[in-house]
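*Asks:* Pasting a structure below so you can have a look.
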Amino acid sequence: MKRKRRDVDLQAAEQQDLEPLQDDESSDMEEEEEDDGNKTSGKKSNVMEKKQKVDVLRVTGTLKLSRRELYKPPTSEELNQLKETENLFHSSLLRMQIEELLKEVELKEKKRKVIDAFLHEVNDLLNKIPTTEQVDITDQSRLPKDVKVPFLQVPYNVKGKFQYLPPSSTKVIGSYLLGTCIKPQINVDVAVIMPAEILQTKDNFNQRYLRKRALYLVHIAHHLSKNKIFGSVKFGYFNSNHLKPILYLSPQGKDEKLVTVRLHPCAPASFFKLTRFHPSRNNIRVSWFLDQEAAEGGNNDPPTPHYNNSILIDLVMEQHLNFLFNIATDFPGMKAGIEILKVWLLQREFNKGYGSFNGFLASMLVAYLLSKRKLNKMMSGYQVLRNVLQFLAVTDLSQNGISLFQGTDDSAPSLADFHQAFEVVFVDPSGFVNLCAEMTASKYKQIQYEAQKSMEILDNKTVDGFEMLLMTRKHFIQTFDHVFFLKNLVKLQEGCKKMKLLNELIDHGGNYIVAILPHLLSLLTHGLGQRVHLLSHSLIQTSEWPIDADPPKHKDSKHLSFGLLLNPRISTNILEKGPPANTPKAAEFREFWGENSELRRFQDGSICEAVLWKGGNISDCRRIPEQIIKYLLHRHMDLPNTMVWYAGDLLDSVIKVDKGSAGFEERIINVVKSYDDLSRKLWNLNGLPLNVTAVQGTHPVFRYTDVFPPEPVKPDYSYYKRDKENKCLLPSEDKPCPVYLPALKVICHMEGSGKWPQNKDAIQRIKAAFHIRLGHLLDQQHELTCQPSATYVDVYKDGFVFRIQVAYHREPQILKEMQTPDGMLKYRDTEESVQLEWETVYLPYLTSTLHGLQQQHSAYSGTCRLAKRWISAQLLSAEVGEECIDLLAAYLFTQPAPYSPLASPQTGFLRFLNLLSTFDWKINPLIVNLNGEIKDTEYAEIKNNFSATRNQLPVMFIATPNERKTSIWTKRRPSAPILQQLIELASQSLQILESQLLDPTDNHDLKMVFRPPLEIYDVVIHLNPKHIPRYLEAVDKPKVAYCRGTLKRNAAVKFLKLPVVDYDPVQRYLLELKSAFGEFALFFYDAHGGNLVGVLWKPQAFAPQPFKTSHVNARMLETRENGLQIIPNVEAIIEDFEILGAGLVKSIEARTEKWNI
């Protein structure tokens, strides 16, 4: 019934008036009224739950089918659907999800009736507006005083007369009549046809027609604003084009957010000859624009294709609607396909702004594909989506434009004419209008890139294509690796002068921003070259404004946003190699790069032009694109560096200790080099009873994820006390805590042998002997300082301490052995065996795998370090395992959809926060497919196992190739409350950080999200920084530094004693607090230089308990109705906090009184 009624409406719409809206709709089925607070399409709707409810109703409903009906063969339509589901959809679930999505975004019939009634009222009011006398366009003294002209009248003087007369007709156009408009923003476009009597034949010149449009809107706005049926009456720019103001009308009351009617004043379709607006024709005189006397002689004014196109669009609106209606006839899949495409465009922020790819353009593209037989009318909406995305992915409209024109008019411009005037070409059915006239080539390249990625997602069975394509909002700041902004846009006028863009300024009506933008993008694209996969920009958007306010000026635009998708293998190269010397291309290279270009001889003997950029370390090299951009904008456009706000690595400051030290990559490389050398020495040791079979580092530094990689330490002996008995150094009590030197754990696997004992205690003794022997041999053969113990041997090498632990591959199996009473031998996991297996099997595998991931993706290390620093800054590092964070970060690289692979730690951190806050941990496992070892078919098996055993699994479940069922990485932590706290913190941090990074107009404190919320804690223990060895790692760098007992790196000292290893008094203090008071409170601390401990009382610990001698610890007696009871003695506990931390604790602050009983 609905489809039939819509066809009637569309047929009636061929007369292009509002009469079709008066048809009786009583035959329509009554529909449930929508909730006024509809969710935006950007938010996730509960599609799955709704579908499951429908399925349940189908199964349990009272409808009973006869045996014949139950087993009757499927119809041809059902067979087609089954075949389509099998061939195109990965499962029937995707089909159902799309069907539910369409139900969510489509406008319900009951709301459509409300909109129709509102449109009739608007039509009646438009016809009642009185006429005015004819005056000069420049005589605006008689205009209503309460309405400002929504047009930048520069220059002001223009010829022509204007008189307001009621519109000759009003016509509903666009997606509303076609039935393709989608929620949440329903816009109904109405063409208000101005009578021919108020137009003159030469109104195509010098903005006369466009100014008459604006004056026409003034009178309409003045009269409509007085009527109480309107909730708001505002001006705005159509597609943010300042030459095309329109009027926005919203109904009064509860329906104000339901619909916005947009009034477009238009000339009659036949008033102007289309040939007047050929892309090569001029319709704005230079002398008029510059307010000069017209030059004598011929007309040498430049063509004005963009200006011409803006007028042409008004003349062909009716033709476009008729064209789309004819295409949509008997093509039900077109409507669904366009609606899905609109959602796709909305989620990628392509649908609004100057040069956008809006729903109208998507509709015309579907029509083009149908005309070229790339679509047929039997296709479903999903097939339409796939074919459109496939076409966009492989077709470059900036090189090879397309046309819907099928006529034989010789006066119509050719595609070559359009390409000469515009960057992107898509010609409409009239043959004169370029539908992509305002789009830049860079923006189209981004659309093309997104289409390619979307096709990859649709063909990937391991990801939820529906979720990634249609339900996930791709924010600008998370889409690109680096973003930068241009501020103080008024200075772009200087750039226009430097590049001599007068013709472009005339064509764009003086809008220097859109005039210079294509040239700026072309300049940077050429300069960045292969360093970037993609350079694009956010669409310029101008908000609506009150009718009594002046229209926004170009200088009111706050900033321009640009995004870079980096090529990580090339983007950090410090040398830009140019063409060989003494060639024509070399002269062009020198002209482009200016004084930065110089001749260089390369290793192959060639002498070429080259540009050398500054890059002291790897971190500095990541900023080379910033250097290039600032240099090119200054050289070619006279834009000062202060105009550019580059947001590429603004968060690096929280993972740097000081500016003078080497970059973290270099520090990690130094550790790895030393470890590799130690590994070779272990392999080649002479005198071991068994051979070494494997040496595997397990410390986070070996997988490049240590937040602050260790630096080489040379201890100053005079700073320490000496333990002569154990031949080691000890911290001095009267001096600040010595420098923190971590023990870098290394697992050394020994070969199997029949001589290994089968008793666990005996194995421990053998391993202790190996540790002693290893220390002796390393000292004897390589002169390394060693300190053996029963469970490990510490080796001091190159300023680092490596803690070597011997492992025997059968030991975990032996620890699992247990004998039953009847003598049977069984194997069962014990706490000891699980821990050993974790240390010697799982952790080495994870470390080597993530090390390989870092070699593939250089941004992995920085992403993981930022994530760990943030979690630690929230005082939660002890509540979330390091390996868990490493895997969460790894997921972003192994499964980047819907984004491109990461090349920037800052963007990686934003996506980490997004993953943490949006992933549904309750119903989905996080599958981290390291090295691609999990096959497509195995994903379903992991998910099924997860669903079947969900109640026994940890709250955060992470599956990896070698651990798919129990999630050993998160088995003990985080707990459910901690995970919930993390999700909330991640959501708030992401929101704050994105708003800061997208606003270059203010100096934001980006460290804000790295400071913990202290108001949630009951007690805060403030620590003495003198005894915090990692104090320099704090988020807010301390003003005072303490001597930590180290010598300069170039100091010549022969070390005979091991420095103090792994000594952090705060961690020791925390262990004592948890041991003594763990039943009463939770303790939280930032392991990286935190100067406070947060204490959270456990509510259950404060419930009064009956007196027992075994429970009197930290409690006091109290007489109550039930007799003697014991309750926690909070004052004594807090006093004990201070006693335990004597010298370390500075003060204790009780922030709440929740503990009062």
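Each chain in the structure tokens gets a letter, A, B and so on, in the order shown; residues start at 1 in every chain, and ligands are counted from 1 in the order they appear.
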Quick check for you: according to DSSP on this backbone, which residues of segment 814-936 of chain A are classed as strand (DSSP E)? Reply as a PyMOL selection string.
*Replies:* chain A and resi 817-819+825-827+926-927
*Asks:* Emit the selected residues as a tab-separated table (two decimals), in the first residue's frame, including C-alpha atoms.
*Replies:*
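Output (again36.tsv):
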chain	number	residue	atom	x	y	z
A	817	GLU	CA	51.09	-34.08	38.13
A	818	MET	CA	49.08	-35.37	41.04
A	819	GLN	CA	48.52	-38.90	42.30
A	825	LEU	CA	48.56	-40.25	37.83
A	826	LYS	CA	46.47	-37.25	36.78
A	827	TYR	CA	47.29	-33.82	35.43
A	926	LEU	CA	38.05	-9.39	21.43
A	927	ILE	CA	39.93	-11.54	18.91
*Asks:* Taking 2 positions as the minimum chain separation for residues in the same chain, which residues sit within 9 Å of segment 315-327 of chain A when counting only C-alpha atoms? Answer as a PyMOL selection string.
*Replies:* chain A and resi 10-11+13-14+16+171+173-175+177-178+191+266-272+274+311-313+329-331+334+363-364+367+370-371+428-430+433
*Asks:* By how many Å are atom CA of Leu1144 of chain A and atom CA of Asn1091 of chain A apart?
*Replies:*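 Going from atom CA of Leu1144 of chain A over to atom CA of Asn1091 of chain A covers 10.1 Å.
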*Asks:* Hey, can you check how far atom CA of Asp886 of chain A sits from atom CA of Val746 of chain A?
*Replies:*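 Between these atoms lies a distance of 18.5 Å.
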*Asks:* I'd like the neighbourhood of segment 1022-1036 of chain A as a short mmCIF file (atom, residue, chain, number, x, y, z; two decimals) with C-alpha atoms, in the first residue's frame, where a residue qualifies if any of its atoms comes within 7 Å (using only C-alpha atoms), though same-chain residues fewer than 6 positions away should be ignored.
*Replies:*
data_model
loop_
_atom_site.label_atom_id
_atom_site.label_comp_id
_atom_site.auth_asym_id
_atom_site.auth_seq_id
_atom_site.Cartn_x
_atom_site.Cartn_y
_atom_site.Cartn_z
CA VAL A 654 53.62 12.72 28.51
CA VAL A 657 61.32 12.34 30.54
CA PRO A 736 67.27 10.50 48.14
CA CYS A 737 66.17 7.18 46.76
CA PRO A 738 68.66 5.95 44.10
CA VAL A 739 67.83 5.85 40.40
CA TYR A 740 65.29 3.21 39.36
CA PHE A 1010 46.17 12.28 32.15
CA TYR A 1042 67.03 15.12 43.00
CA ASP A 1064 60.98 1.43 44.28
CA PRO A 1065 60.05 2.29 47.91
CA VAL A 1066 56.52 3.26 46.92
CA HIS A 1088 55.26 6.37 36.77
CA GLY A 1089 56.21 9.05 39.23
CA GLY A 1090 52.92 9.42 41.06
CA ASN A 1091 53.17 11.46 44.26
CA LEU A 1092 49.98 10.19 45.90
CA VAL A 1093 48.12 7.01 46.74
CA LEU A 1144 57.94 8.30 52.59
CA VAL A 1145 54.51 9.64 53.56
CA LYS A 1146 54.33 13.42 53.51
CA SER A 1147 50.72 13.85 54.67
CA ILE A 1148 47.36 12.07 54.69
#
*Asks:* Could you check which of A:Asn1003, A:His857, A:Leu730, A:Gln163 is closest to Glu133 of chain A, using only C-alpha atoms?
*Replies:*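 Answer, going by the shortest atom-to-atom distance: A:Gln163.
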*Asks:* As an exercise, work out the distance from atom CA of Arg531 of chain A to atom CA of Arg348 of chain A in Å and give it to one decimal place.
*Replies:*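 These two atoms are separated by 23.7 Å.
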*Asks:* Any idea what's packed within 9 Å of Leu997 of chain A, counting only C-alpha atoms, ignoring anything in its chain fewer than 2 positions away? Could you give it as a list in words?
*Replies:*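 Within the cut-off, the hits are Ile477, Val483, Ala647, Leu650, Ile992, Leu993, Glu994, Ser995, Asp999, Pro1000, His1004 and Leu1006 of chain A.
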*Asks:* Skip Asn351 of chain A itself and residues of its chain fewer than 6 positions away, then list as a JSON list (two decimals) with all heavy atoms, in the first residue's frame all residues within 10 Å of it, counting only C-alpha atoms.
*Replies:*
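Wrote it out as result_23.json, contents follow:
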[["chain", "number", "residue", "atom", "x", "y", "z"],
["A", 239, "ASN", "N", 24.41, 24.38, 0.88],
["A", 239, "ASN", "CA", 25.70, 23.68, 0.79],
["A", 239, "ASN", "C", 26.87, 24.59, 1.17],
["A", 239, "ASN", "O", 27.98, 24.48, 0.62],
["A", 239, "ASN", "CB", 25.93, 23.09, -0.60],
["A", 239, "ASN", "CG", 25.01, 21.92, -0.88],
["A", 239, "ASN", "OD1", 24.55, 21.25, 0.05],
["A", 239, "ASN", "ND2", 24.72, 21.67, -2.14],
["A", 342, "LYS", "N", 23.17, 7.17, 1.98],
["A", 342, "LYS", "CA", 23.13, 8.39, 2.79],
["A", 342, "LYS", "C", 23.67, 8.14, 4.19],
["A", 342, "LYS", "O", 24.38, 8.98, 4.75],
["A", 342, "LYS", "CB", 21.70, 8.94, 2.85],
["A", 342, "LYS", "CG", 21.25, 9.64, 1.59],
["A", 342, "LYS", "CD", 19.86, 10.26, 1.79],
["A", 342, "LYS", "CE", 19.44, 11.11, 0.60],
["A", 342, "LYS", "NZ", 18.14, 11.77, 0.82],
["A", 343, "VAL", "N", 23.34, 6.99, 4.75],
["A", 343, "VAL", "CA", 23.88, 6.64, 6.07],
["A", 343, "VAL", "C", 25.40, 6.49, 5.98],
["A", 343, "VAL", "O", 26.15, 6.97, 6.85],
["A", 343, "VAL", "CB", 23.23, 5.34, 6.61],
["A", 343, "VAL", "CG1", 23.89, 4.92, 7.92],
["A", 343, "VAL", "CG2", 21.74, 5.54, 6.81],
["A", 344, "TRP", "N", 25.87, 5.84, 4.93],
["A", 344, "TRP", "CA", 27.31, 5.66, 4.72],
["A", 344, "TRP", "C", 28.03, 7.01, 4.62],
["A", 344, "TRP", "O", 29.09, 7.22, 5.22],
["A", 344, "TRP", "CB", 27.54, 4.84, 3.45],
["A", 344, "TRP", "CG", 28.97, 4.50, 3.16],
["A", 344, "TRP", "CD1", 29.71, 3.48, 3.70],
["A", 344, "TRP", "CD2", 29.85, 5.19, 2.26],
["A", 344, "TRP", "NE1", 30.98, 3.50, 3.19],
["A", 344, "TRP", "CE2", 31.10, 4.52, 2.30],
["A", 344, "TRP", "CE3", 29.70, 6.29, 1.42],
["A", 344, "TRP", "CZ2", 32.19, 4.93, 1.53],
["A", 344, "TRP", "CZ3", 30.79, 6.70, 0.67],
["A", 344, "TRP", "CH2", 32.02, 6.03, 0.72],
["A", 345, "LEU", "N", 27.44, 7.93, 3.88],
["A", 345, "LEU", "CA", 28.03, 9.27, 3.73],
["A", 345, "LEU", "C", 27.98, 10.04, 5.04],
["A", 345, "LEU", "O", 28.93, 10.75, 5.40],
["A", 345, "LEU", "CB", 27.28, 10.05, 2.64],
["A", 345, "LEU", "CG", 27.42, 9.52, 1.21],
["A", 345, "LEU", "CD1", 26.41, 10.19, 0.29],
["A", 345, "LEU", "CD2", 28.84, 9.76, 0.69],
["A", 357, "PHE", "N", 29.58, 15.51, -0.77],
["A", 357, "PHE", "CA", 28.98, 14.44, -1.57],
["A", 357, "PHE", "C", 27.66, 14.11, -0.88],
["A", 357, "PHE", "O", 27.58, 13.22, -0.05],
["A", 357, "PHE", "CB", 29.91, 13.22, -1.61],
["A", 357, "PHE", "CG", 29.57, 12.24, -2.69],
["A", 357, "PHE", "CD1", 30.36, 12.10, -3.81],
["A", 357, "PHE", "CD2", 28.44, 11.44, -2.60],
["A", 357, "PHE", "CE1", 30.06, 11.18, -4.80],
["A", 357, "PHE", "CE2", 28.11, 10.53, -3.59],
["A", 357, "PHE", "CZ", 28.94, 10.39, -4.70],
["A", 358, "ASN", "N", 26.61, 14.84, -1.22],
["A", 358, "ASN", "CA", 25.35, 14.73, -0.48],
["A", 358, "ASN", "C", 24.44, 13.66, -1.08],
["A", 358, "ASN", "O", 24.78, 12.98, -2.05],
["A", 358, "ASN", "CB", 24.64, 16.08, -0.42],
["A", 358, "ASN", "CG", 24.49, 16.71, -1.80],
["A", 358, "ASN", "OD1", 24.34, 16.00, -2.79],
["A", 358, "ASN", "ND2", 24.55, 18.03, -1.87],
["A", 359, "GLY", "N", 23.25, 13.53, -0.47],
["A", 359, "GLY", "CA", 22.31, 12.51, -0.92],
["A", 359, "GLY", "C", 21.84, 12.71, -2.34],
["A", 359, "GLY", "O", 21.59, 11.74, -3.07],
["A", 360, "PHE", "N", 21.69, 13.97, -2.76],
["A", 360, "PHE", "CA", 21.27, 14.24, -4.15],
["A", 360, "PHE", "C", 22.32, 13.71, -5.13],
["A", 360, "PHE", "O", 21.99, 13.08, -6.14],
["A", 360, "PHE", "CB", 21.07, 15.74, -4.34],
["A", 360, "PHE", "CG", 20.92, 16.16, -5.78],
["A", 360, "PHE", "CD1", 19.80, 15.81, -6.52],
["A", 360, "PHE", "CD2", 21.92, 16.88, -6.41],
["A", 360, "PHE", "CE1", 19.67, 16.18, -7.85],
["A", 360, "PHE", "CE2", 21.81, 17.26, -7.73],
["A", 360, "PHE", "CZ", 20.68, 16.90, -8.46],
["A", 361, "LEU", "N", 23.59, 13.95, -4.81],
["A", 361, "LEU", "CA", 24.66, 13.47, -5.69],
["A", 361, "LEU", "C", 24.67, 11.94, -5.73],
["A", 361, "LEU", "O", 24.88, 11.34, -6.79],
["A", 361, "LEU", "CB", 26.00, 13.99, -5.17],
["A", 361, "LEU", "CG", 27.17, 14.05, -6.15],
["A", 361, "LEU", "CD1", 26.79, 14.78, -7.42],
["A", 361, "LEU", "CD2", 28.37, 14.71, -5.49],
["A", 362, "ALA", "N", 24.41, 11.31, -4.58],
["A", 362, "ALA", "CA", 24.34, 9.86, -4.54],
["A", 362, "ALA", "C", 23.19, 9.34, -5.39],
["A", 362, "ALA", "O", 23.33, 8.34, -6.10],
["A", 362, "ALA", "CB", 24.18, 9.39, -3.08],
["A", 539, "LEU", "N", 35.15, 19.54, 5.33],
["A", 539, "LEU", "CA", 34.30, 20.41, 4.51],
["A", 539, "LEU", "C", 33.97, 21.69, 5.27],
["A", 539, "LEU", "O", 33.68, 21.67, 6.46],
["A", 539, "LEU", "CB", 33.01, 19.67, 4.14],
["A", 539, "LEU", "CG", 33.21, 18.44, 3.25],
["A", 539, "LEU", "CD1", 31.93, 17.64, 3.14],
["A", 539, "LEU", "CD2", 33.70, 18.84, 1.86]]
*Asks:* Residues of segment 846-1090 of chain A classed as alpha helix (DSSP H) by DSSP on the backbone are to be reported as number ranges by chain.
*Replies:* A: 846-856, 859-873, 882-894, 905-918, 936-948, 976-997, 1065-1077
*Asks:* Ranking A:Phe912, A:Trp545, A:Phe1137, A:Phe405 by minimum distance to Val1020 of chain A and counting only C-alpha atoms, which one comes first?
*Replies:* A:Phe1137
*Asks:* Residues within 8 Å of Val707 of chain A, please, as a ChimeraX atom specification. Count only C-alpha atoms; anything in the same chain fewer than 3 positions from it doesn't count.
*Replies:* /A:655,864-866,868-869
*Asks:* Name the residues in contact with Tyr891 of chain A at a cut-off of 12 Å, using only C-alpha atoms, excluding same-chain residues fewer than 6 positions from it; report them as a list in words.
*Replies:*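 My reading of the contact set: Leu850, Leu853, Tyr860, Thr863, Cys864, Cys884, Ile885, Ala897, Pro901, Leu902, Gly908, Arg911, Phe912, Leu915, Leu916, Phe919, Pro925, Leu926, Ile927, Val928, Asn929, Leu930, Asn931, Gly932, Ile958, Ala959 and Thr960 of chain A.
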